[in-house]
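Dropping model.csv in here (CSV, C-alpha atoms):
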```
chain,number,residue,atom,x,y,z
A,1,MET,CA,-0.8,-29.3,-6.6
A,2,THR,CA,-2.3,-30.5,-3.3
A,3,ASP,CA,-2.2,-29.1,0.2
A,4,ASN,CA,0.9,-30.6,1.8
A,5,THR,CA,1.5,-28.1,4.5
A,6,ASN,CA,2.9,-30.7,6.9
A,7,LYS,CA,5.6,-32.1,4.6
A,8,ALA,CA,9.2,-30.9,4.8
A,9,PRO,CA,9.7,-28.7,1.8
A,10,SER,CA,12.8,-28.7,-0.3
A,11,GLN,CA,15.1,-25.7,0.3
A,12,THR,CA,15.9,-25.5,-3.4
A,13,LEU,CA,13.2,-24.6,-6.0
A,14,ASP,CA,13.2,-26.4,-9.3
A,15,VAL,CA,12.6,-23.2,-11.3
A,16,ALA,CA,12.7,-24.9,-14.7
A,17,ARG,CA,9.8,-27.1,-13.6
A,18,ILE,CA,7.9,-24.3,-12.0
A,19,ARG,CA,8.1,-22.3,-15.2
A,20,GLN,CA,6.2,-25.0,-17.0
A,21,ASP,CA,3.1,-24.1,-14.9
A,22,PHE,CA,3.2,-20.6,-16.2
A,23,PRO,CA,2.4,-20.6,-20.0
A,24,ILE,CA,2.6,-16.8,-20.2
A,25,LEU,CA,6.4,-17.0,-19.5
A,26,GLY,CA,6.7,-18.7,-22.9
A,27,ARG,CA,5.5,-15.7,-24.8
A,28,THR,CA,7.6,-13.3,-26.8
A,29,MET,CA,7.5,-9.5,-26.5
A,30,ASN,CA,8.8,-7.4,-29.4
A,31,ASP,CA,10.3,-10.6,-30.9
A,32,LYS,CA,12.2,-11.3,-27.7
A,33,PRO,CA,11.6,-13.9,-25.0
A,34,LEU,CA,9.4,-12.4,-22.2
A,35,VAL,CA,11.4,-11.6,-19.1
A,36,PHE,CA,8.7,-10.8,-16.5
A,37,LEU,CA,10.2,-8.7,-13.6
A,38,ASP,CA,7.1,-7.1,-12.2
A,39,SER,CA,5.8,-9.5,-9.7
A,40,ALA,CA,5.7,-6.9,-7.0
A,41,ALA,CA,2.9,-5.3,-8.9
A,42,SER,CA,1.1,-8.5,-9.6
A,43,SER,CA,2.4,-12.1,-9.9
A,44,GLN,CA,1.7,-14.4,-12.8
A,45,LYS,CA,-0.8,-17.3,-12.3
A,46,PRO,CA,0.0,-21.0,-12.6
A,47,ASN,CA,-2.2,-23.4,-14.6
A,48,GLN,CA,-3.5,-24.7,-11.3
A,49,VAL,CA,-5.1,-21.4,-10.4
A,50,VAL,CA,-6.5,-20.8,-13.9
A,51,GLU,CA,-8.0,-24.3,-14.0
A,52,ALA,CA,-9.5,-23.8,-10.5
A,53,ILE,CA,-11.5,-20.8,-11.8
A,54,SER,CA,-12.7,-22.7,-14.9
A,55,ASN,CA,-13.6,-25.8,-12.9
A,56,TYR,CA,-15.6,-23.8,-10.4
A,57,TYR,CA,-17.7,-22.1,-13.2
A,58,GLN,CA,-18.1,-25.4,-15.2
A,59,ASN,CA,-19.0,-27.6,-12.3
A,60,HIS,CA,-19.8,-25.9,-9.0
A,61,HIS,CA,-21.2,-22.4,-9.4
A,62,ALA,CA,-24.0,-21.3,-7.1
A,63,ASN,CA,-24.3,-18.5,-4.6
A,64,VAL,CA,-22.7,-19.3,-1.2
A,65,HIS,CA,-24.2,-19.5,2.3
A,66,ARG,CA,-27.8,-19.3,1.1
A,67,GLY,CA,-29.0,-22.3,-0.9
A,68,MET,CA,-30.2,-25.5,0.6
A,69,TYR,CA,-29.4,-27.6,-2.5
A,70,THR,CA,-26.3,-29.6,-3.3
A,71,LEU,CA,-24.7,-27.3,-5.8
A,72,ALA,CA,-24.9,-24.4,-3.3
A,73,ALA,CA,-23.4,-26.6,-0.6
A,74,GLU,CA,-20.5,-27.5,-2.9
A,75,ALA,CA,-19.8,-23.8,-3.7
A,76,THR,CA,-20.0,-22.9,0.0
A,77,ASP,CA,-17.6,-25.7,0.9
A,78,LEU,CA,-15.1,-24.6,-1.7
A,79,PHE,CA,-15.3,-21.0,-0.7
A,80,GLU,CA,-14.9,-21.7,3.1
A,81,THR,CA,-12.0,-24.1,2.4
A,82,THR,CA,-10.0,-21.1,1.2
A,83,ARG,CA,-10.8,-19.3,4.4
A,84,THR,CA,-9.5,-22.3,6.4
A,85,LYS,CA,-6.3,-22.5,4.3
A,86,ILE,CA,-5.5,-18.8,4.6
A,87,ALA,CA,-6.1,-18.9,8.4
A,88,LYS,CA,-3.6,-21.7,8.6
A,89,PHE,CA,-1.2,-20.0,6.2
A,90,ILE,CA,-0.9,-16.9,8.5
A,91,GLY,CA,-1.4,-18.7,11.8
A,92,ALA,CA,-4.8,-17.2,12.7
A,93,ALA,CA,-6.5,-18.7,15.7
A,94,SER,CA,-9.9,-19.1,14.0
A,95,THR,CA,-11.5,-18.8,10.6
A,96,LYS,CA,-13.7,-16.1,12.2
A,97,GLU,CA,-10.6,-13.8,12.0
A,98,ILE,CA,-10.4,-14.0,8.2
A,99,ILE,CA,-12.4,-11.5,6.3
A,100,PHE,CA,-12.6,-11.6,2.5
A,101,THR,CA,-12.2,-8.2,0.8
A,102,ARG,CA,-11.3,-7.0,-2.8
A,103,ASN,CA,-7.7,-6.4,-2.0
A,104,ALA,CA,-5.3,-5.3,0.7
A,105,THR,CA,-6.2,-1.7,0.1
A,106,GLU,CA,-9.9,-2.4,1.0
A,107,ALA,CA,-8.8,-4.4,4.0
A,108,ILE,CA,-6.9,-1.5,5.4
A,109,ASN,CA,-9.8,0.9,4.6
A,110,LEU,CA,-12.1,-1.4,6.4
A,111,VAL,CA,-10.1,-1.0,9.6
A,112,ALA,CA,-9.9,2.8,9.1
A,113,TYR,CA,-13.7,3.1,8.6
A,114,THR,CA,-14.8,0.8,11.3
A,115,TRP,CA,-12.2,0.5,14.1
A,116,GLY,CA,-10.8,3.9,13.3
A,117,GLU,CA,-13.9,6.1,13.2
A,118,THR,CA,-15.2,4.3,16.3
A,119,ASN,CA,-12.1,4.6,18.5
A,120,LEU,CA,-10.1,7.7,17.5
A,121,LYS,CA,-10.6,11.1,19.0
A,122,PRO,CA,-8.9,14.5,18.6
A,123,GLY,CA,-5.3,14.4,19.9
A,124,ASN,CA,-5.0,10.7,19.4
A,125,GLU,CA,-2.0,9.6,17.2
A,126,ILE,CA,-1.5,7.2,14.3
A,127,LEU,CA,2.1,6.0,13.6
A,128,ILE,CA,3.2,4.8,10.2
A,129,SER,CA,6.5,5.0,8.3
A,130,GLU,CA,8.0,7.0,5.5
A,131,MET,CA,8.3,3.9,3.2
A,132,GLU,CA,4.5,3.1,3.2
A,133,HIS,CA,2.5,2.3,0.1
A,134,HIS,CA,-0.3,4.9,-0.5
A,135,ALA,CA,-2.7,2.2,0.6
A,136,ASN,CA,-1.2,2.5,4.1
A,137,ILE,CA,-1.1,6.3,4.0
A,138,VAL,CA,-4.2,7.7,2.4
A,139,PRO,CA,-6.8,5.9,4.7
A,140,TRP,CA,-5.0,7.2,7.8
A,141,VAL,CA,-4.6,10.8,6.5
A,142,ARG,CA,-8.4,10.8,5.7
A,143,LEU,CA,-9.1,9.3,9.1
A,144,CYS,CA,-7.1,12.0,10.8
A,145,GLU,CA,-9.1,14.7,8.9
A,146,LYS,CA,-12.3,13.1,10.1
A,147,THR,CA,-11.4,12.5,13.7
A,148,GLY,CA,-8.9,15.2,14.6
A,149,ALA,CA,-6.2,12.5,15.2
A,150,VAL,CA,-2.6,13.3,14.3
A,151,LEU,CA,-0.4,11.3,11.9
A,152,LYS,CA,3.2,10.6,13.0
A,153,VAL,CA,5.8,9.1,10.6
A,154,ILE,CA,8.9,7.0,11.3
A,155,PRO,CA,11.7,8.2,8.9
A,156,ILE,CA,14.0,6.0,6.9
A,157,ASP,CA,17.8,6.1,7.2
A,158,SER,CA,20.4,6.3,4.3
A,159,ASP,CA,20.2,2.5,3.8
A,160,GLY,CA,16.4,2.5,3.3
A,161,ARG,CA,15.6,1.0,6.7
A,162,LEU,CA,13.4,2.4,9.5
A,163,ASP,CA,15.3,5.0,11.5
A,164,LEU,CA,14.2,4.0,15.0
A,165,THR,CA,16.4,6.5,16.9
A,166,SER,CA,13.3,8.7,17.6
A,167,LEU,CA,10.9,5.9,18.2
A,168,ASP,CA,10.5,6.8,21.9
A,169,SER,CA,9.2,10.2,21.0
A,170,LEU,CA,7.0,9.0,18.2
A,171,LEU,CA,5.4,6.0,20.0
A,172,THR,CA,3.7,7.3,23.2
A,173,THR,CA,0.5,6.9,25.2
A,174,LYS,CA,-1.1,9.1,22.6
A,175,THR,CA,-0.5,6.5,20.0
A,176,LYS,CA,-3.7,4.5,19.3
A,177,LEU,CA,-2.7,2.7,16.1
A,178,VAL,CA,0.6,1.6,14.6
A,179,ALA,CA,0.4,0.6,10.9
A,180,LEU,CA,3.5,-0.6,9.1
A,181,SER,CA,4.4,-2.5,6.0
A,182,ARG,CA,6.5,-5.6,6.6
A,183,MET,CA,8.2,-5.2,3.2
A,184,SER,CA,8.7,-2.1,1.1
A,185,ASN,CA,7.3,-2.4,-2.4
A,186,VAL,CA,10.0,-0.1,-3.6
A,187,MET,CA,13.2,-1.0,-1.9
A,188,GLY,CA,12.4,-4.5,-0.7
A,189,THR,CA,13.3,-3.5,2.9
A,190,ILE,CA,12.0,-6.1,5.4
A,191,ASN,CA,10.8,-4.4,8.6
A,192,ASP,CA,11.2,-6.1,11.9
A,193,VAL,CA,7.8,-5.0,13.1
A,194,ALA,CA,7.3,-7.4,16.0
A,195,PRO,CA,9.3,-5.5,18.7
A,196,ILE,CA,7.8,-2.2,17.6
A,197,PHE,CA,4.3,-3.7,17.9
A,198,ALA,CA,5.2,-5.2,21.3
A,199,LYS,CA,6.0,-1.8,22.6
A,200,ALA,CA,2.9,-0.3,21.0
A,201,ARG,CA,0.6,-2.9,22.6
A,202,GLU,CA,2.2,-2.2,26.0
A,203,LEU,CA,1.2,1.4,25.5
A,204,GLY,CA,-2.4,0.4,24.6
A,205,ALA,CA,-2.1,0.9,20.8
A,206,VAL,CA,-3.6,-1.4,18.1
A,207,THR,CA,-1.3,-2.7,15.4
A,208,LEU,CA,-1.7,-3.4,11.7
A,209,VAL,CA,0.6,-5.1,9.2
A,210,ASP,CA,0.5,-4.3,5.5
A,211,ALA,CA,1.6,-7.7,4.3
A,212,ALA,CA,0.7,-7.2,0.6
A,213,GLN,CA,4.4,-7.4,-0.4
A,214,SER,CA,5.7,-9.8,2.3
A,215,ALA,CA,3.1,-12.6,2.3
A,216,PRO,CA,4.0,-13.9,-1.2
A,217,HIS,CA,7.7,-14.1,-0.3
A,218,ILE,CA,8.4,-14.9,3.4
A,219,PRO,CA,6.6,-16.9,6.0
A,220,THR,CA,3.8,-15.1,7.8
A,221,ASP,CA,2.6,-15.7,11.3
A,222,VAL,CA,0.3,-13.2,13.0
A,223,THR,CA,1.3,-14.4,16.5
A,224,GLU,CA,5.0,-13.9,15.8
A,225,LEU,CA,4.3,-10.5,14.2
A,226,ASN,CA,2.4,-9.5,17.3
A,227,CYS,CA,-0.2,-7.8,15.2
A,228,ASP,CA,-3.9,-7.1,15.7
A,229,PHE,CA,-4.7,-6.7,12.0
A,230,LEU,CA,-3.0,-7.9,8.8
A,231,ALA,CA,-3.8,-7.2,5.2
A,232,LEU,CA,-2.8,-9.1,2.1
A,233,SER,CA,-3.7,-9.5,-1.6
A,234,SER,CA,-4.3,-12.7,-3.5
A,235,HIS,CA,-3.0,-11.3,-6.8
A,236,LYS,CA,0.5,-10.8,-5.5
A,237,MET,CA,0.8,-14.4,-4.4
A,238,LEU,CA,-0.1,-16.4,-7.5
A,239,GLY,CA,-3.9,-16.0,-6.9
A,240,PRO,CA,-6.5,-14.1,-8.9
A,241,THR,CA,-7.2,-10.4,-8.8
A,242,GLY,CA,-10.2,-9.1,-6.8
A,243,VAL,CA,-9.5,-11.0,-3.6
A,244,GLY,CA,-7.9,-9.6,-0.4
A,245,ILE,CA,-7.7,-10.7,3.2
A,246,LEU,CA,-8.1,-8.8,6.4
A,247,TYR,CA,-7.0,-10.7,9.4
A,248,GLY,CA,-8.3,-9.3,12.7
A,249,ARG,CA,-8.2,-10.5,16.3
A,250,GLU,CA,-11.7,-11.9,17.0
A,251,GLU,CA,-12.1,-9.6,20.1
A,252,LEU,CA,-11.5,-6.5,18.0
A,253,LEU,CA,-13.7,-7.6,15.0
A,254,ASN,CA,-16.6,-8.4,17.3
A,255,ALA,CA,-16.4,-4.9,18.8
A,256,MET,CA,-16.2,-3.1,15.4
A,257,PRO,CA,-19.3,-2.0,13.5
A,258,PRO,CA,-19.9,-3.4,10.0
A,259,PHE,CA,-18.2,-1.8,7.0
A,260,LEU,CA,-20.9,-2.2,4.3
A,261,GLY,CA,-24.6,-2.9,4.7
A,262,GLY,CA,-26.8,-5.4,2.8
A,263,GLY,CA,-27.4,-9.1,2.4
A,264,GLU,CA,-25.3,-11.7,4.2
A,265,MET,CA,-24.0,-9.4,6.9
A,266,ILE,CA,-27.3,-9.3,8.8
A,267,ASP,CA,-29.1,-11.5,11.3
A,268,GLN,CA,-32.5,-9.8,11.6
A,269,VAL,CA,-33.8,-6.8,9.7
A,270,THR,CA,-36.9,-4.7,10.5
A,271,PHE,CA,-37.6,-1.1,9.6
A,272,GLU,CA,-36.9,-0.2,13.2
A,273,LYS,CA,-33.8,-2.2,14.0
A,274,ILE,CA,-31.0,-4.3,12.5
A,275,THR,CA,-29.0,-7.0,14.2
A,276,TYR,CA,-25.8,-8.3,12.5
A,277,ASN,CA,-24.4,-11.6,11.5
A,278,GLU,CA,-21.6,-13.4,13.4
A,279,LEU,CA,-18.0,-13.2,12.3
A,280,PRO,CA,-16.7,-13.3,9.6
A,281,HIS,CA,-19.9,-12.7,7.7
A,282,LYS,CA,-20.6,-9.4,9.5
A,283,PHE,CA,-18.0,-7.8,7.3
A,284,GLU,CA,-18.9,-9.6,4.0
A,285,ALA,CA,-21.9,-7.8,2.6
A,286,GLY,CA,-23.4,-9.1,-0.7
A,287,THR,CA,-22.3,-11.8,-3.0
A,288,PRO,CA,-18.5,-12.2,-2.9
A,289,ASP,CA,-16.1,-12.9,-5.7
A,290,ILE,CA,-16.7,-16.7,-5.3
A,291,ALA,CA,-14.7,-18.1,-8.2
A,292,ASP,CA,-11.6,-16.1,-7.4
A,293,VAL,CA,-11.7,-16.9,-3.7
A,294,VAL,CA,-12.0,-20.6,-4.7
A,295,ALA,CA,-9.0,-20.3,-7.0
A,296,PHE,CA,-7.0,-18.5,-4.3
A,297,SER,CA,-7.1,-21.9,-2.5
A,298,ALA,CA,-5.1,-23.4,-5.4
A,299,ALA,CA,-2.5,-20.6,-5.1
A,300,ILE,CA,-2.1,-21.3,-1.4
A,301,ASP,CA,-1.7,-25.0,-2.1
A,302,TYR,CA,1.0,-24.1,-4.7
A,303,LEU,CA,2.9,-21.9,-2.2
A,304,ASN,CA,2.6,-24.5,0.5
A,305,ASP,CA,3.9,-27.3,-1.8
A,306,LEU,CA,7.0,-25.2,-2.7
A,307,GLY,CA,7.5,-24.1,1.0
A,308,MET,CA,7.8,-20.5,2.0
A,309,ASP,CA,11.3,-21.1,3.4
A,310,ALA,CA,12.4,-22.4,0.0
A,311,ILE,CA,10.8,-19.5,-1.8
A,312,ARG,CA,12.6,-17.1,0.5
A,313,GLN,CA,15.9,-18.8,-0.1
A,314,HIS,CA,15.5,-18.7,-3.9
A,315,GLU,CA,14.7,-15.0,-3.7
A,316,ILE,CA,17.7,-14.3,-1.5
A,317,GLU,CA,19.9,-15.9,-4.1
A,318,ILE,CA,18.5,-14.2,-7.2
A,319,THR,CA,18.4,-10.8,-5.4
A,320,ALA,CA,22.0,-11.2,-4.4
A,321,TYR,CA,23.0,-12.0,-8.0
A,322,ALA,CA,21.0,-9.0,-9.3
A,323,LEU,CA,22.6,-6.7,-6.7
A,324,LYS,CA,26.1,-7.9,-7.7
A,325,LYS,CA,25.5,-7.6,-11.5
A,326,LEU,CA,23.7,-4.2,-11.3
A,327,GLY,CA,26.3,-3.0,-8.8
A,328,GLU,CA,28.9,-3.3,-11.5
A,329,PHE,CA,27.3,-0.3,-13.3
A,330,PRO,CA,28.7,3.0,-12.0
A,331,TRP,CA,26.0,4.9,-13.8
A,332,LEU,CA,23.2,3.0,-11.9
A,333,THR,CA,22.0,3.8,-8.4
A,334,ILE,CA,20.3,1.1,-6.4
A,335,TYR,CA,17.9,2.0,-3.5
A,336,GLY,CA,17.5,0.1,-0.3
A,337,PRO,CA,19.6,-2.3,1.8
A,338,ARG,CA,22.4,-4.3,0.2
A,339,ASP,CA,22.1,-7.1,2.8
A,340,THR,CA,19.8,-9.7,1.3
A,341,ASN,CA,18.9,-11.0,4.7
A,342,ASN,CA,17.1,-7.7,5.3
A,343,ARG,CA,15.5,-7.2,1.9
A,344,GLY,CA,13.0,-8.9,-0.4
A,345,ALA,CA,13.1,-9.3,-4.2
A,346,ALA,CA,12.0,-5.8,-5.2
A,347,LEU,CA,14.9,-3.9,-6.5
A,348,SER,CA,14.5,-0.2,-7.5
A,349,PHE,CA,17.2,1.8,-9.4
A,350,THR,CA,17.8,4.9,-11.5
A,351,VAL,CA,20.0,5.2,-14.5
A,352,GLU,CA,22.1,8.4,-14.7
A,353,GLY,CA,20.8,10.7,-17.4
A,354,ILE,CA,17.7,8.7,-18.4
A,355,HIS,CA,14.2,9.0,-16.9
A,356,PRO,CA,12.8,5.8,-15.4
A,357,HIS,CA,9.9,5.8,-17.8
A,358,ASP,CA,12.3,5.8,-20.7
A,359,VAL,CA,14.3,3.1,-19.1
A,360,SER,CA,11.1,0.9,-18.8
A,361,GLN,CA,10.0,1.5,-22.3
A,362,PHE,CA,13.4,0.7,-23.7
A,363,LEU,CA,13.6,-2.5,-21.6
A,364,ASP,CA,10.2,-3.5,-22.9
A,365,SER,CA,11.6,-3.3,-26.5
A,366,ALA,CA,14.1,-5.9,-25.3
A,367,GLY,CA,11.3,-8.1,-23.9
A,368,VAL,CA,12.1,-7.2,-20.2
A,369,ALA,CA,9.0,-6.1,-18.3
A,370,VAL,CA,9.7,-3.8,-15.3
A,371,ARG,CA,7.8,-1.1,-13.5
A,372,ALA,CA,8.6,2.6,-13.6
A,373,GLY,CA,7.1,5.5,-11.6
A,374,HIS,CA,6.6,6.4,-8.0
A,375,HIS,CA,5.2,2.9,-7.2
A,376,CYS,CA,2.3,4.4,-5.1
A,377,ALA,CA,4.9,5.7,-2.6
A,378,GLN,CA,5.3,9.4,-3.3
A,379,PRO,CA,6.5,10.3,0.2
A,380,LEU,CA,9.3,7.7,-0.1
A,381,MET,CA,10.3,9.1,-3.5
A,382,LYS,CA,10.7,12.5,-1.8
A,383,ALA,CA,12.8,11.0,0.9
A,384,LEU,CA,15.0,9.3,-1.7
A,385,GLY,CA,15.4,12.6,-3.6
A,386,VAL,CA,13.9,11.3,-6.8
A,387,ASP,CA,10.6,11.6,-8.7
A,388,ALA,CA,10.5,8.0,-9.8
A,389,THR,CA,12.5,4.8,-10.1
A,390,THR,CA,12.7,1.7,-12.3
A,391,ARG,CA,11.8,-1.4,-10.4
A,392,ALA,CA,12.7,-5.0,-11.2
A,393,SER,CA,11.1,-7.6,-8.9
A,394,PHE,CA,11.7,-11.3,-8.8
A,395,TYR,CA,9.6,-14.3,-7.8
A,396,ILE,CA,9.6,-18.1,-7.9
A,397,TYR,CA,9.8,-18.4,-11.7
A,398,ASN,CA,12.7,-16.0,-12.3
A,399,THR,CA,16.2,-17.1,-13.1
A,400,ASP,CA,19.8,-15.7,-13.0
A,401,ALA,CA,19.7,-15.8,-16.8
A,402,GLU,CA,16.8,-13.3,-16.7
A,403,VAL,CA,18.9,-11.0,-14.5
A,404,ASP,CA,21.6,-11.2,-17.2
A,405,SER,CA,19.0,-10.2,-19.8
A,406,LEU,CA,18.1,-7.2,-17.7
A,407,CYS,CA,21.7,-6.2,-17.5
A,408,GLU,CA,22.3,-6.7,-21.2
A,409,ALA,CA,19.3,-4.5,-22.0
A,410,LEU,CA,20.5,-1.8,-19.7
A,411,LEU,CA,23.9,-1.8,-21.5
A,412,ASP,CA,22.1,-1.5,-24.8
A,413,LEU,CA,20.0,1.3,-23.3
A,414,ARG,CA,23.2,3.3,-22.6
A,415,LYS,CA,24.4,2.8,-26.1
A,416,PHE,CA,21.0,3.9,-27.5
A,417,PHE,CA,21.2,7.1,-25.6
A,418,GLN,CA,24.8,7.5,-26.5
A,419,LEU,CA,25.9,7.7,-22.8
```
With the file now loaded, output its structure as structure tokens.
Amino acid sequence: MTDNTNKAPSQTLDVARIRQDFPILGRTMNDKPLVFLDSAASSQKPNQVVEAISNYYQNHHANVHRGMYTLAAEATDLFETTRTKIAKFIGAASTKEIIFTRNATEAINLVAYTWGETNLKPGNEILISEMEHHANIVPWVRLCEKTGAVLKVIPIDSDGRLDLTSLDSLLTTKTKLVALSRMSNVMGTINDVAPIFAKARELGAVTLVDAAQSAPHIPTDVTELNCDFLALSSHKMLGPTGVGILYGREELLNAMPPFLGGGEMIDQVTFEKITYNELPHKFEAGTPDIADVVAFSAAIDYLNDLGMDAIRQHEIEITAYALKKLGEFPWLTIYGPRDTNNRGAALSFTVEGIHPHDVSQFLDSAGVAVRAGHHCAQPLMKALGVDATTRASFYIYNTDAEVDSLCEALLDLRKFFQL
């Protein structure tokens, strides 16, 4: 697919055609057709992305930003083209604001180690929420331990949404950073972070969005989100593993010290003094994951061709169907909002009398791939009153028929356990 970001996308996905681009979906598991319902963990990759990796290594490989020969220039151009596309994809003002990392986790840690350790002092506060992924909890807990800052937490309500009734007491002049996920990886809850961030910035706080779950599924614009930083991962949005993005406002990035030291991120090096490279290279030490960054470009093209609004509409429809079908089972508990306008396509549930790990293993025997566990969100599990859930998550290639397969397998599960 080509970059057609200016064309008016269809509001209806041709899922049958899309599935032809994903050969893995034609596999069988345990003699059953594969039903892949774990895209919240990592999406499958279309042919276009796989071919982009192969094409790079077969025809264009050289180290980037360093060689004065044609092959190196080609590799650099392909690499930097991805930076340009992702800047446009999220509405960044400049490619200088796009930093390549290994994943969203590393992007968040970069902010914690550089901006955080430079700016936080004892008594300062960091505000997150009860539904965060560990990637947006652990770096801030560690930062508080180092700096003497205090971590504050926005609770969730009974519907799995942010409970903002105590926001005025949680968000104060002591708050120096507000870091929130835009979409829960467990419940699919979509958080309206923009007004929270607007208030935070009025109070002088810096804001960060964990967009690892939301960027693959709903349109993303850093200006509309009113954020200073944003983190996402390629592998959740059709791209390869090993590539993440940190967006940061240029003013903030310029003021932050480097994250890692070595080649590429320097300007001048002596034994007495080091000066650093300009953005974005100041934060990209060493040889990057060139091939996978290049292939991420093909994933962005694919999403742009489909249109993020059309992707969102497809997921609203399939999630509504799944909520309806699973809601017919009185022995199954669904977590998170029921209104599909306020949730994404990750759907967590528990089955009465059966541990989520057993649910997942039985579903696998029926060819249905789902995730089970705490989903790197142990504080949220505690808030929900469970140790683990089973999670089915949908994406552009999933169908209502696959939801039916999930439901049939769950009915067989109950029979197997004689419940």
Residues near Thr147 in chain A, anyone? I mean within 8 Å using all atoms listed in the file, not counting same-chain ones fewer than 6 positions away, as a JSON list (two decimals) with C-alpha atoms, in the frame of the given file.
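around.json written:
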```json
[["chain", "number", "residue", "atom", "x", "y", "z"],
["A", 117, "GLU", "CA", -13.90, 6.10, 13.20],
["A", 120, "LEU", "CA", -10.10, 7.70, 17.50],
["A", 121, "LYS", "CA", -10.60, 11.10, 19.00],
["A", 122, "PRO", "CA", -8.90, 14.50, 18.60]]
```
* To do: Can you work out the spacing between CA of Ser214 in chain A and CA of Lys199 in chain A in Å, to one decimal?
  => 21.8 Å
Residues of range 265-351 of chain A at most 12 Å from range 388-412 of chain A: nearest atom pair and distance in Å, all atoms listed in the file, as a Markdown table:
```
| residue | atom | partner | partner_atom | distance |
| --- | --- | --- | --- | --- |
| A:Tyr302 | CA | A:Ile396 | CA | 11.0 |
| A:Leu303 | CA | A:Ile396 | CA | 9.6 |
| A:Leu306 | CA | A:Ile396 | CA | 9.2 |
| A:Gly307 | CA | A:Ile396 | CA | 10.9 |
| A:Met308 | CA | A:Ile396 | CA | 10.3 |
| A:Asp309 | CA | A:Ile396 | CA | 11.8 |
| A:Ala310 | CA | A:Ile396 | CA | 9.4 |
| A:Ile311 | CA | A:Ile396 | CA | 6.4 |
| A:Arg312 | CA | A:Ile396 | CA | 9.0 |
| A:Gln313 | CA | A:Ile396 | CA | 10.1 |
| A:His314 | CA | A:Ile396 | CA | 7.2 |
| A:Glu315 | CA | A:Tyr395 | CA | 6.6 |
| A:Ile316 | CA | A:Phe394 | CA | 9.9 |
| A:Glu317 | CA | A:Asp400 | CA | 8.9 |
| A:Ile318 | CA | A:Asp400 | CA | 6.1 |
| A:Thr319 | CA | A:Phe394 | CA | 7.5 |
| A:Ala320 | CA | A:Asp400 | CA | 10.0 |
| A:Tyr321 | CA | A:Asp400 | CA | 7.0 |
| A:Ala322 | CA | A:Val403 | CA | 6.0 |
| A:Leu323 | CA | A:Val403 | CA | 9.6 |
| A:Lys324 | CA | A:Val403 | CA | 10.4 |
| A:Lys325 | CA | A:Cys407 | CA | 7.2 |
| A:Leu326 | CA | A:Cys407 | CA | 6.8 |
| A:Gly327 | CA | A:Cys407 | CA | 10.3 |
| A:Glu328 | CA | A:Cys407 | CA | 9.8 |
| A:Phe329 | CA | A:Leu411 | CA | 9.0 |
| A:Pro330 | CA | A:Leu411 | CA | 11.7 |
| A:Trp331 | CA | A:Leu411 | CA | 10.4 |
| A:Leu332 | CA | A:Leu410 | CA | 9.5 |
| A:Thr333 | CA | A:Thr389 | CA | 9.7 |
| A:Ile334 | CA | A:Thr389 | CA | 9.4 |
| A:Tyr335 | CA | A:Thr389 | CA | 9.0 |
| A:Gly336 | CA | A:Arg391 | CA | 11.7 |
| A:Arg343 | CA | A:Ser393 | CA | 11.7 |
| A:Gly344 | CA | A:Ser393 | CA | 8.8 |
| A:Ala345 | CA | A:Phe394 | CA | 5.2 |
| A:Ala346 | CA | A:Ser393 | CA | 4.2 |
| A:Leu347 | CA | A:Ala392 | CA | 5.3 |
| A:Ser348 | CA | A:Arg391 | CA | 4.1 |
| A:Phe349 | CA | A:Thr390 | CA | 5.4 |
| A:Thr350 | CA | A:Thr389 | CA | 5.5 |
| A:Val351 | CA | A:Thr390 | CA | 8.4 |
```
Can you check which parts of range 78-138 of chain A lie within 9 Å of range 159-167 of chain A? Per residue, the shortest pair of atoms and distance in Å to one decimal, counting all atoms listed in the file, sorted by chain and number, as JSON lines.
```
{"residue": "A:Ser129", "atom": "CA", "partner": "A:Leu162", "partner_atom": "CA", "distance": 7.5}
{"residue": "A:Glu130", "atom": "CA", "partner": "A:Leu162", "partner_atom": "CA", "distance": 8.1}
{"residue": "A:Met131", "atom": "CA", "partner": "A:Gly160", "partner_atom": "CA", "distance": 8.2}
```
Using all atoms listed in the file, find each residue of range 286-333 of chain A with at least one atom at most 10 Å away from an atom of range 244-260 of chain A; report its shortest atom-to-atom pair and that distance in Å (one decimal), sort the rows by chain and rising residue number, and return the result as a tab-separated table.
```
residue	atom	partner	partner_atom	distance
A:Gly286	CA	A:Leu260	CA	8.9
A:Val293	CA	A:Gly244	CA	8.9
A:Phe296	CA	A:Gly244	CA	9.8
```
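Proximity of A:Ser169, A:Ser158, A:Thr287, A:Thr95 to Asn63 in chain A, computed with only C-alpha atoms, is greatest for A:Thr287.
Nearest to Leu238 in chain A of all the residues A:Arg19, A:His217, A:Lys45, A:Arg102 is A:Lys45, counting all atoms listed in the file.
Checking A:Lys146, A:Ala377, A:Trp115, A:Ile18 one by one against Ser181 in chain A, counting all atoms listed in the file, you find the shortest gap at A:Ala377.
Each of A:Asn277, A:Asn109, A:Ser184, A:Asn341 was compared to His133 in chain A using all atoms listed in the file, and A:Ser184 turns out to be the nearest.
Nearest to Leu279 in chain A of all the residues A:Ser94, A:Asn124, A:Thr70, A:Gln48 is A:Ser94, counting only C-alpha atoms.
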* **Nearby residues (all atoms listed in the file) at most 8 Å from range 134-143 of chain A, same-chain spacing under 3 positions excluded, as number ranges by chain** => A: 104-105, 108-109, 112-113, 116-117, 126, 128, 146-147, 149, 151, 179-181, 210, 376-378
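Distances to Ser365 in chain A were evaluated for A:Ala295, A:Leu413, A:Leu380, A:Val15 using all atoms listed in the file, and the minimum falls at A:Leu413.
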